[in-house]
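Chemist: My structure is in my_file-v8.cif, and what it holds is mmCIF, C-alpha atoms:
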data_run
#
loop_
_atom_site.label_atom_id
_atom_site.label_comp_id
_atom_site.auth_asym_id
_atom_site.auth_seq_id
_atom_site.Cartn_x
_atom_site.Cartn_y
_atom_site.Cartn_z
CA MET A 716 17.09 -8.09 -4.46
CA ILE A 717 17.36 -10.59 -1.62
CA GLY A 718 17.71 -7.76 0.87
CA ALA A 719 14.65 -6.03 -0.58
CA ASP A 720 12.64 -9.25 -0.37
CA GLN A 721 13.67 -9.75 3.24
CA SER A 722 12.76 -6.16 4.07
CA TRP A 723 9.34 -6.60 2.44
CA LEU A 724 8.74 -9.80 4.39
CA ARG A 725 9.75 -8.24 7.70
CA GLY A 726 7.48 -5.29 7.06
CA ARG A 727 4.51 -7.49 6.27
CA ILE A 728 5.11 -9.66 9.34
CA VAL A 729 5.17 -6.58 11.56
CA ALA A 730 1.97 -5.25 9.97
CA VAL A 731 0.18 -8.57 10.38
CA LEU A 732 1.25 -8.79 14.03
CA ALA A 733 -0.62 -5.54 14.70
CA ILE A 734 -3.77 -7.33 13.52
CA ILE A 735 -3.41 -10.83 14.90
CA ILE A 736 -2.14 -10.04 18.41
CA PRO A 737 -5.32 -8.27 19.55
CA GLY A 738 -7.49 -10.13 17.04
CA PHE A 739 -6.74 -13.62 18.31
CA THR A 740 -6.67 -12.44 21.91
CA GLY A 741 -10.18 -11.16 21.30
CA ILE A 742 -11.26 -14.50 19.83
CA VAL A 743 -9.99 -16.27 22.96
CA TYR A 744 -11.98 -13.81 25.05
CA LEU A 745 -15.16 -14.32 23.00
CA THR A 746 -14.83 -18.10 23.23
CA LEU A 747 -14.15 -18.25 26.97
CA ALA A 748 -16.74 -15.60 27.80
CA GLY A 749 -19.51 -17.64 26.21
CA ALA A 750 -20.23 -15.48 23.19
CA PRO A 751 -22.13 -17.12 20.32
CA THR A 752 -19.78 -19.21 18.17
CA ARG A 753 -20.52 -17.12 15.10
CA PHE A 754 -18.97 -14.08 16.82
CA ALA A 755 -15.55 -15.74 16.94
CA LEU A 756 -15.97 -17.09 13.41
CA ILE A 757 -16.87 -13.67 12.01
CA ASN A 758 -13.86 -12.12 13.72
CA LEU A 759 -11.66 -14.91 12.39
CA GLY A 760 -12.89 -14.24 8.86
CA ALA A 761 -12.19 -10.53 9.32
CA ILE A 762 -8.67 -11.27 10.59
CA THR A 763 -8.04 -13.41 7.51
CA ALA A 764 -9.31 -10.71 5.14
CA ALA A 765 -7.36 -7.98 6.98
CA THR A 766 -4.18 -10.06 6.88
CA LEU A 767 -4.54 -10.50 3.12
CA CYS A 768 -5.07 -6.76 2.67
CA ALA A 769 -2.04 -5.88 4.77
CA SER A 770 0.09 -8.47 2.98
CA PHE A 771 -0.72 -7.86 -0.66
CA LEU A 772 -2.45 -4.53 -1.26
CA LYS A 773 -0.43 -1.44 -2.16
CA MET A 774 -1.16 2.22 -1.66
CA PRO A 775 -1.74 3.92 -5.03
CA ASN A 776 1.16 6.11 -6.07
CA GLY A 777 0.73 9.81 -6.72
CA SER A 778 -1.32 12.46 -4.96
CA SER A 779 -4.17 12.38 -7.48
CA ALA A 780 -4.82 8.66 -6.99
CA GLN A 781 -4.55 8.99 -3.22
CA ARG A 782 -6.98 11.92 -3.15
CA LEU A 783 -9.43 9.97 -5.29
CA LEU A 784 -9.18 7.10 -2.80
CA ALA A 785 -9.78 9.53 0.07
CA LEU A 786 -12.87 10.88 -1.69
CA GLY A 787 -14.21 7.36 -2.11
CA LEU A 788 -13.66 6.64 1.57
CA LEU A 789 -15.45 9.85 2.55
CA VAL A 790 -18.41 8.81 0.43
CA ALA A 791 -18.40 5.41 2.14
CA LEU A 792 -18.29 7.12 5.53
CA ALA A 793 -21.33 9.22 4.61
CA LEU A 794 -23.40 6.37 3.15
CA PRO A 795 -24.99 5.37 6.48
CA LEU A 796 -26.69 8.77 6.59
CA VAL A 797 -28.68 7.93 3.46
CA ALA A 798 -28.58 4.14 3.12
CA GLY A 799 -27.87 2.68 6.53
CA PRO A 800 -30.08 1.61 9.42
CA SER A 801 -30.98 4.32 11.92
CA ILE A 802 -31.46 3.69 15.65
CA ASP A 803 -32.86 6.57 17.70
CA GLY A 804 -31.53 9.02 15.15
CA VAL A 805 -28.07 7.45 15.03
CA SER A 806 -26.78 6.32 11.61
CA ARG A 807 -23.28 4.88 11.81
CA TRP A 808 -23.64 1.52 10.12
CA LEU A 809 -23.96 0.06 6.66
CA SER A 810 -25.27 -3.39 5.81
CA VAL A 811 -22.91 -5.19 3.42
CA GLY A 812 -23.51 -8.80 2.40
CA GLY A 813 -25.62 -9.53 5.43
CA PHE A 814 -23.13 -7.92 7.84
CA THR A 815 -23.60 -4.59 9.58
CA LEU A 816 -20.37 -2.58 9.59
CA HIS A 817 -19.48 0.48 11.64
CA MET A 818 -18.23 2.62 8.77
CA GLY A 819 -16.11 4.93 10.88
CA MET A 820 -13.99 2.01 12.03
CA VAL A 821 -13.70 0.74 8.46
CA VAL A 822 -12.57 3.94 6.75
CA ILE A 823 -11.10 6.38 9.31
CA PRO A 824 -7.82 4.48 9.88
CA LEU A 825 -6.99 4.56 6.16
CA LEU A 826 -8.30 8.12 5.82
CA SER A 827 -5.90 9.14 8.59
CA VAL A 828 -3.00 7.53 6.75
CA LEU A 829 -3.97 9.28 3.52
CA ALA A 830 -4.10 12.60 5.38
CA ALA A 831 -0.60 11.93 6.69
CA LEU A 832 0.67 11.28 3.16
CA ASP A 833 -0.77 14.52 1.76
CA ARG A 834 -0.12 17.53 4.00
CA LYS A 835 -1.82 19.89 1.55
CA ALA A 836 -5.10 17.96 1.49
CA ALA A 837 -4.95 16.69 5.09
CA PRO A 838 -7.06 19.48 6.62
CA LEU A 839 -9.84 18.97 4.05
CA ILE A 840 -9.80 15.18 4.49
CA LEU A 841 -9.94 15.37 8.27
CA LEU A 842 -12.50 18.17 8.37
CA ALA A 843 -14.83 16.43 5.91
CA ALA A 844 -14.62 13.18 7.88
CA LEU A 845 -15.28 15.07 11.11
CA MET A 846 -18.39 16.75 9.70
CA VAL A 847 -19.81 13.40 8.57
CA SER A 848 -18.99 11.73 11.89
CA PHE A 849 -20.65 14.54 13.84
CA ALA A 850 -23.75 14.30 11.64
CA GLN A 851 -24.15 10.58 12.31
CA PRO A 852 -23.52 11.36 15.31
CA ASP A 853 -20.57 9.20 16.42
CA MET A 854 -18.41 10.26 19.34
CA ALA A 855 -15.97 7.39 18.73
CA SER A 856 -15.25 8.44 15.14
CA CYS A 857 -14.93 12.10 16.16
CA LEU A 858 -12.47 11.15 18.89
CA ALA A 859 -10.51 8.92 16.51
CA LEU A 860 -10.17 11.88 14.15
CA ALA A 861 -9.15 14.13 17.06
CA PHE A 862 -6.37 11.74 18.04
CA ALA A 863 -5.27 11.28 14.43
CA ALA A 864 -5.14 15.04 13.85
CA PHE A 865 -3.23 15.57 17.08
CA ALA A 866 -0.78 12.82 16.09
CA LEU A 867 -0.24 14.55 12.75
CA TRP A 868 0.41 17.81 14.57
CA LEU A 869 2.99 16.05 16.72
CA SER A 870 4.76 14.57 13.70
CA GLN A 871 4.50 17.51 11.29
CA ARG A 872 3.93 20.59 13.51
CA ASP A 873 1.28 21.91 11.16
CA TRP A 874 -1.02 24.32 12.99
CA THR A 875 -4.02 23.41 10.81
CA THR A 876 -4.06 19.80 12.00
CA GLY A 877 -3.67 21.04 15.57
CA ALA A 878 -6.72 23.28 15.12
CA ILE A 879 -8.72 20.40 13.66
CA ALA A 880 -7.70 18.22 16.60
CA ALA A 881 -9.12 20.82 19.00
CA LEU A 882 -12.29 21.16 16.94
CA ALA A 883 -12.69 17.38 16.86
CA VAL A 884 -12.47 17.21 20.66
CA PHE A 885 -15.41 19.61 20.93
CA ALA A 886 -17.26 17.65 18.23
CA SER A 887 -16.69 14.47 20.26
CA ILE A 888 -18.21 16.07 23.33
CA GLY A 889 -21.20 17.30 21.34
CA ALA A 890 -21.74 13.93 19.66
CA SER A 891 -21.63 12.13 23.02
CA PHE A 892 -24.81 13.89 24.15
CA SER A 893 -26.96 12.69 21.26
CA GLY A 894 -25.32 9.52 20.04
CA ALA A 895 -25.29 7.20 23.06
CA LEU A 896 -26.95 3.80 22.69
CA PRO A 897 -27.38 0.91 25.15
CA PRO A 898 -24.20 -1.21 25.43
CA GLN A 899 -24.06 -4.46 23.49
CA PRO A 900 -22.52 -7.54 25.15
CA PHE A 901 -19.12 -8.66 23.81
CA VAL A 902 -18.87 -5.37 21.90
CA GLU A 903 -18.90 -2.51 24.39
CA GLY A 904 -17.85 -2.19 28.02
CA ILE A 905 -15.55 -5.18 27.69
CA LEU A 906 -12.63 -4.15 29.89
CA SER A 907 -14.70 -2.49 32.62
CA ASP A 908 -17.05 -5.48 32.87
CA LEU A 909 -14.26 -8.04 32.74
CA LEU A 910 -12.18 -6.16 35.29
CA GLN A 911 -14.80 -6.90 37.92
CA SER A 912 -14.82 -10.64 37.32
CA ASN A 913 -11.38 -11.50 35.92
CA ALA A 914 -8.71 -8.82 36.24
CA VAL A 915 -6.05 -11.05 34.66
CA ALA A 916 -8.14 -11.54 31.51
CA ALA A 917 -8.90 -7.82 31.35
CA GLY A 918 -5.19 -7.10 31.67
CA GLY A 919 -4.38 -9.55 28.88
CA LEU A 920 -6.84 -7.87 26.52
CA ALA A 921 -5.51 -4.42 27.43
CA VAL A 922 -1.91 -5.53 26.85
CA SER A 923 -2.80 -6.94 23.44
CA LEU A 924 -4.35 -3.62 22.43
CA LEU A 925 -1.35 -1.71 23.74
CA ALA A 926 1.05 -4.02 21.87
CA SER A 927 -0.84 -3.41 18.62
CA LEU A 928 -0.78 0.36 19.13
CA LEU A 929 2.95 0.31 19.88
CA ILE A 930 3.59 -1.67 16.70
CA MET A 931 1.64 0.90 14.68
CA LEU A 932 3.44 3.78 16.36
CA THR A 933 7.03 2.52 16.26
CA ALA A 934 7.58 -0.59 14.16
CA LEU A 935 5.71 -0.29 10.86
CA PRO A 936 7.80 0.23 7.69
CA SER A 937 5.98 3.50 7.00
CA PRO A 938 6.76 7.22 7.24
CA LYS A 939 6.57 8.70 10.72
CA ALA A 940 3.45 10.75 9.98
CA SER A 941 1.60 7.66 8.71
CA ARG A 942 2.50 5.64 11.78
CA TYR A 943 1.47 8.41 14.13
CA ALA A 944 -1.84 9.07 12.34
CA LEU A 945 -2.83 5.41 12.27
CA ALA A 946 -1.89 4.81 15.89
CA GLY A 947 -3.73 7.99 16.85
CA ALA A 948 -6.94 6.97 15.08
CA MET A 949 -6.97 3.51 16.66
CA ALA A 950 -6.11 4.98 20.08
CA GLY A 951 -9.08 7.32 19.69
CA PHE A 952 -11.43 4.39 19.12
CA VAL A 953 -9.97 2.60 22.16
CA THR A 954 -10.35 5.71 24.31
CA ALA A 955 -13.97 6.14 23.26
CA ALA A 956 -14.67 2.52 24.24
CA ILE A 957 -13.05 3.06 27.64
CA ILE A 958 -14.96 6.22 28.53
CA GLY A 959 -18.34 5.38 26.98
CA ASP A 960 -20.53 2.68 25.50
CA TYR A 961 -18.74 2.41 22.17
CA PRO A 962 -17.30 -0.67 20.43
CA TYR A 963 -13.89 -1.92 21.48
CA PRO A 964 -11.77 -2.19 18.34
CA LEU A 965 -9.98 -5.44 17.49
CA ILE A 966 -10.73 -7.33 20.74
CA GLY A 967 -14.53 -7.16 20.75
CA TYR A 968 -17.06 -8.72 18.41
CA GLY A 969 -17.21 -6.93 15.10
CA ALA A 970 -15.44 -7.10 11.76
CA ALA A 971 -15.30 -3.37 11.07
CA SER A 972 -12.26 -2.37 13.12
CA ILE A 973 -10.27 -5.42 12.01
CA LEU A 974 -11.00 -4.77 8.34
CA GLY A 975 -10.28 -1.06 8.81
CA LEU A 976 -6.88 -1.77 10.31
CA GLY A 977 -6.06 -4.23 7.53
CA LEU A 978 -6.86 -1.60 4.90
CA ALA A 979 -4.79 1.02 6.73
CA LEU A 980 -1.79 -1.32 6.83
CA ILE A 981 -1.47 -1.70 3.06
CA ARG A 982 2.08 -1.19 1.82
CA GLN A 983 3.33 2.40 1.65
CA THR A 984 7.00 1.85 0.81
CA ASP A 985 6.94 0.91 -2.85
CA GLY A 986 6.76 4.12 -4.87
CA ARG A 987 9.04 7.10 -5.23
CA SER A 988 6.06 9.38 -5.71
CA LEU A 989 4.55 8.10 -2.46
CA ARG A 990 7.68 8.83 -0.50
CA ALA A 991 7.99 12.21 -2.16
CA SER A 992 4.41 13.18 -1.34
CA THR A 993 5.13 12.46 2.30
CA LEU A 994 7.89 15.07 2.28
CA LYS A 995 5.98 17.82 0.54
CA PRO A 996 5.16 20.84 2.70
#
Turn this file's structure into structure tokens for me.

Modeler:
Amino acid sequence: MIGADQSWLRGRIVAVLAIIIPGFTGIVYLTLAGAPTRFALINLGAITAATLCASFLKMPNGSSAQRLLALGLLVALALPLVAGPSIDGVSRWLSVGGFTLHMGMVVIPLLSVLAALDRKAAPLILLAALMVSFAQPDMASCLALAFAAFALWLSQRDWTTGAIAALAVFASIGASFSGALPPQPFVEGILSDLLQSNAVAAGGLAVSLLASLLIMLTALPSPKASRYALAGAMAGFVTAAIIGDYPYPLIGYGAASILGLGLALIRQTDGRSLRASTLKP
């Protein structure tokens, strides 16, 4: 029992580190860069909520419960199309309690993990999320799904996820032509802008993101496919931010990516049925 408790604690510490390393580095950046004080406070609140999720929430056991959760997340991803604000034909956000959240960043990390835990349903989960993301349109979400699907192909060698990864790349290209919006300060273009004025600070932010991705990929107490899918999804969001005017996850202003990572880091090691579903062909 003591060993199990110690293992649980180590796993939660590792998961929380993936949140707080880039999260607090981002808060330092926001503070020193002169962002409004509420930006840092909102991110701090999101880090707190994400840490609580990663520490105490558990993945539901059994494929039926996990598929129901995936369905709920897909509905949440699609809600901006009918209930969210629209800017120049782009509908990626949902207003919740006075905050505007980028729904792709909130739900796609956990959706990717659920796809990794259910090889049979993974193609449907990823394809449905891709269709919604393309309709919004959101290149960042499409690219996150492309990376997640490719990561699943690497870990499971399932040709269907490889095909979806290729399709998602083309969807990302298509979405980039109709979904671009002017960059927002402290949200988009962070590393490229900062690199011109303070290369050391830009390097520090980049290293914090890389450290978080490496933790997701190699150190989480989760099945290989889950780690790969989560790291892939977050890497996709980072790549979109680097190549276009899309939000930087975790280091920029915005609660969505922090909350999304916290949800994706809920415990996956507690149920026999969960471990078994990971091994099913």

Chemist: Suppose a student applies the PyMOL selection byres ((chain A and resi 884) around 12) to this structure; what residues should they get, written as a ChimeraX atom specification?

Modeler: /A:845,849,854-865,877-883,885-891,951,955

Chemist: Counting only C-alpha atoms, write as a list of chain:residue names all protein and nucleic acid residues lying at most 7 Å from (5.3, 1.8, 6.9) in the file's frame.

Modeler: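 Protein, DNA and RNA residues close to (5.3, 1.8, 6.9): A:Leu935, A:Pro936, A:Ser937, A:Pro938, A:Arg942, A:Arg982, A:Gln983, A:Thr984.
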
Chemist: Go ahead and write the residues just picked, C-alpha atoms, as a CSV table (one decimal), in the frame of the given file.

Modeler:
chain,number,residue,atom,x,y,z
A,935,LEU,CA,5.7,-0.3,10.9
A,936,PRO,CA,7.8,0.2,7.7
A,937,SER,CA,6.0,3.5,7.0
A,938,PRO,CA,6.8,7.2,7.2
A,942,ARG,CA,2.5,5.6,11.8
A,982,ARG,CA,2.1,-1.2,1.8
A,983,GLN,CA,3.3,2.4,1.6
A,984,THR,CA,7.0,1.8,0.8

Chemist: Using all atoms listed in the file, which of the listed residues (A:Leu924, A:Ile757, A:Ala798, A:Leu841) sits closest to A:Val828?

Modeler: A:Leu841

Chemist: Identify which of the residues A:Gly738, A:Ala850, A:Leu747, A:Pro824 lies closest to A:Ala916, counting only C-alpha atoms when measuring atom-to-atom distances.

Modeler: A:Leu747

Chemist: Tell me, in Å to one decimal, how far atom CA of A:Pro897 is from atom CA of A:Thr815.

Modeler: 16.9 Å

Chemist: Between atom CA of A:Leu772 and atom CA of A:Pro838, what distance in Å does the model show, to one decimal?

Modeler: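 Computing it gives 25.7 Å between the two atoms.
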
Chemist: Neighbouring residues of A:Ala730 were defined as those with any atom within 7 Å, considering all atoms listed in the file; residues of the same chain fewer than 4 positions away were excluded. Please report them as a ChimeraX atom specification.

Modeler: /A:726,769,935,980

Chemist: In Å, rounded to a single decimal, give me how far atom CA of A:Ala970 is from atom CA of A:Val790.

Modeler: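 Atom CA of A:Ala970 lies 19.8 Å from atom CA of A:Val790.
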
Chemist: Which neighbours of A:Gly819 fall inside 8 Å, counting all atoms listed in the file, when residues of the same chain fewer than 2 positions from it are skipped, and could you give them as a list in words?

Modeler: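 In the requested format, the answer is Leu792, Arg807, His817, Val821, Val822, Ile823, Ser848 and Ser856 of chain A.
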
Chemist: Give me the residues within 6 Å of A:Gly967 as a ChimeraX atom specification, counting all atoms listed in the file and dropping any in the same chain fewer than 2 places off.

Modeler: /A:741,901-902,963,965

Chemist: Near A:Ala761, counting only C-alpha atoms, which residues have an atom at most 10 Å away, once you skip same-chain residues fewer than 5 positions from it, shown as a PyMOL selection string?

Modeler: chain A and resi 734+738+755-756+766-767+965+969-975+977

Chemist: Can you tell me which residues surround A:Ser907 at a distance of at most 10 Å, considering only C-alpha atoms, apart from same-chain residues fewer than 5 positions away, and format the answer as a ChimeraX atom specification?

Modeler: /A:912,914,917,956-958

Chemist: Counting all atoms listed in the file, write as number ranges by chain all protein and nucleic acid residues lying at most 8 Å from (1.4, 12.7, 14.0) in the file's frame.

Modeler: A: 831, 863-871, 939-944, 947
